[in-house]
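Q: Got a structure for you, written out below as structure tokens; questions coming shortly.
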Amino acid sequence: MKSKFRLFFPCYFSFFVNGAMVLLVGAILPYIIEEAGINYSVAGGFLSAFAIGNLIASFVNPPMASKIGRKATIIIFSALIPVMLFVITLLPPVPVIYAAFVLVGIGRGSVSIINNAVVNDNSNGKPTALNLLHMTFAAGAFLAPFITSLYIGNGFGWRAPAYTIIAGSALSVILYVWMEIDYNWPVESKKGKNEGSMAQPFYKSPVFYVCGLLLFLYLGLENCVNGWFVTYFKSMNIMSSAYATNLVSVTWVMVMLGRLTTAKLSAVIDKNRLIFAYCIATAVFFLLLIATHNLYVITFAIAGLGFFFAGIYPTGVSCAGSVLKGSDTAMSMLLAIAALGGIITPQIVGIIADGAGMAAAITVLLINAAGMLILSGVGMKKGGTLG
């Protein structure tokens with residue numbers, strides 16, 4: 001039990017801080033735009049640089065871990081988060097900020113890879129543990145906008161919540177040092193080769209590509225909700241900055257409830273049917289959200305979006321669980337495909353927003369919602385082949 005606790009607790013805590021850090025970026029982005037005097041396109045570049053770092057992590061983690069071990073790798077890369085966040089608070093020249101966001105993204109991606117891999121490999125293929133892991137991310141994501149609003153509302157400025165997340169990120173690095181990890185990737189790779197000799201390689205499996213493309217579209221949508229929606233709500237001029245920031249917190253309260261619900265439902269409902277139902281609801285609530293300027297309807301829509309958004313990513317990973325198990329490369333490549341969606345979509349939104357306005361740019365995300373619905377329908381039609 002002690003060994004299990006030392007294996008899982010650092011994963012859950014670091015995902016909690018990661019959730020807060022990701023949402024912090026979106027919450028403080030309007031203040032960075034104002035103070036640094038940049039346009040939407042440049043700001044979208046920051047979000048994309050963050051996602052590029054997340055993608056790079058998928059390629060640098062396996063070779064690094066093969067040389068120095070999994071534990072040492074995550075300690076080094078996770079330490080990039082507090083250091084580079086501090087650099088961003090100094091508002092150095094734009095190229096330096098871009099570089100800092102890339103490095104923060106590498107740290108964020110590394111945490112995602114280690115946590116998803118450890119929990120997936122030690123949960124016997126069941127999605128419950130992964131849903132609980134991602135619920136801790138949601139808990140952190142809920143707190144970040146609320147803390148930001150609280151600090152700024154009391155005159156402390158946008159840097160104060162950033163310093164809070166920096167402290168939490170530093171603590172998560174310490175917990176990784178304490179972590180009692182049960183294997184390193186060199187050992188895992190040898191085991192994977194032996195076990196995989198009788199199985200189809202992940203890159204020949206349709207499961208891998210269906211789940212990968214679904215997560216590609218999902219992460220693009222999620223990154224824009226996290227990164228752009230406070231700016232989007234403010235641009236509509238129908239709510240205060242504090243309300244807009246707190247509304248994102250409401251989203252993540254619903255995400256927490258949604259992931260708890262998913263953890264229960266996934267034990268009794270086929271995960272392909274579950275993810276299809278979630279994608280239908282996500283499309284409906286997202287369409288409702290962008291179709292109105294009514295404050296009450298927007299609040300209802302963002303709450304519904306958060307609830308049904310909740311289980312898509314962890315359930316998507318779980319659907320590919322049999323293909324991913326025992327292979328660090330498969331997990332890294334799946335997360336890399338998802339990360340590409342997070343890189344491309346925020347930059348597209350930023351570019352369109354400069355030309356046509358933020359409200360028009362957000363409608364582009366309907367493509368993501370529709371694609372997710374189609375891919376999840378394919379998964380459900382194939383039934384057990386995606387489980």
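Numbering starts fresh at 1 for the residues of each chain in the structure tokens, the chains themselves are lettered A, B, ... in the order given, and ligands are numbered from 1 as they appear.
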Excluding Leu295 (chain A) and any residue of its chain fewer than 3 positions from it, enumerate the residues within 8 Å of it, using only C-alpha atoms, and give them as a PyMOL selection string.
A: chain A and resi 238-239+298-299
Q: Only N, CA, C and O atoms, please: the residues just picked out, written as a PDB file, in the first residue's frame.
A:
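part-v5.pdb was written with the following content:
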ATOM      1  N   ILE A 238     -20.624  41.626 -22.577  1.00  0.00           N
ATOM      2  CA  ILE A 238     -21.877  41.398 -21.855  1.00  0.00           C
ATOM      3  C   ILE A 238     -21.631  40.875 -20.443  1.00  0.00           C
ATOM      4  O   ILE A 238     -22.573  40.550 -19.733  1.00  0.00           O
ATOM      5  N   MET A 239     -20.342  40.797 -20.057  1.00  0.00           N
ATOM      6  CA  MET A 239     -20.010  40.346 -18.709  1.00  0.00           C
ATOM      7  C   MET A 239     -18.696  40.984 -18.280  1.00  0.00           C
ATOM      8  O   MET A 239     -17.882  41.372 -19.117  1.00  0.00           O
ATOM      9  N   ILE A 298     -25.539  31.363 -21.787  1.00  0.00           N
ATOM     10  CA  ILE A 298     -24.108  31.105 -21.876  1.00  0.00           C
ATOM     11  C   ILE A 298     -23.630  30.341 -20.642  1.00  0.00           C
ATOM     12  O   ILE A 298     -22.864  29.371 -20.743  1.00  0.00           O
ATOM     13  N   THR A 299     -24.084  30.763 -19.471  1.00  0.00           N
ATOM     14  CA  THR A 299     -23.689  30.103 -18.222  1.00  0.00           C
ATOM     15  C   THR A 299     -24.151  28.646 -18.213  1.00  0.00           C
ATOM     16  O   THR A 299     -23.395  27.736 -17.844  1.00  0.00           O
TER      17      THR A 299
END
Q: Give me, as JSON, numbers by chain, all polymer residues having an atom no more than 6 Å from Met254 (chain A), counting only C-alpha atoms and skipping those fewer than 4 positions away in the same chain.
A: {"A": [258, 303, 306, 307]}
Q: Measuring atom to atom with only C-alpha atoms, identify which of A:Phe77, A:Phe16, A:Tyr203, A:Phe142 is nearest to Met333 (chain A).
A: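 Using only C-alpha atoms, the shortest distance to Met333 (chain A) belongs to A:Tyr203.
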Q: Give me the residues of region 132-184 of chain A that have any atom at most 12 Å from an atom of region 211-233 of chain A; for each, the nearest atom pair and the distance in Å, rounded to one decimal. Use only C-alpha atoms, sort by chain and number, and format it as CSV.
A:
residue,atom,partner,partner_atom,distance
A:Ala138,CA,A:Asn226,CA,11.4
A:Ala141,CA,A:Asn226,CA,8.8
A:Phe142,CA,A:Asn226,CA,10.8
A:Ala144,CA,A:Asn226,CA,10.8
A:Pro145,CA,A:Val230,CA,9.4
A:Thr148,CA,A:Val230,CA,11.8
A:Ser149,CA,A:Val230,CA,11.3
Q: Could you check which of A:Ala283, A:Ile152, A:Ile81, A:Leu324 is closest to Phe202 (chain A), using only C-alpha atoms?
A: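 Among the listed residues, A:Leu324 lies closest to Phe202 (chain A).
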Q: Taking only C-alpha atoms into account, which of A:Phe309, A:Trp178, A:Tyr278, A:Phe15 comes nearest His134 (chain A)?
A: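 With only C-alpha atoms as the atom set, the closest residue is A:Phe15.
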Q: Env of region 159-176 of chain A: 7 Å cut, atoms = only C-alpha atoms, seq-sep filter 3 positions within chain, self excluded. Answer as a ChimeraX atom specification.
A: /A:10,13-14,17,20-21,75,78-79,81-82,85,89,147-148,151,156,179
Q: Of the residues A:Leu366, A:Leu143, A:Asn120, A:Leu334, which is the one nearest to Phe285 (chain A), using only C-alpha atoms?
A: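 Distance minimum relative to Phe285 (chain A) lands on A:Leu366.
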Q: Could you pull out the helix (DSSP H, G or I) residues of region 226-338 of chain A, going by DSSP on the backbone, and write them as a PyMOL selection string?
A: chain A and resi 226-235+241-265+271-290+295-309+312-319+321-324+328-338
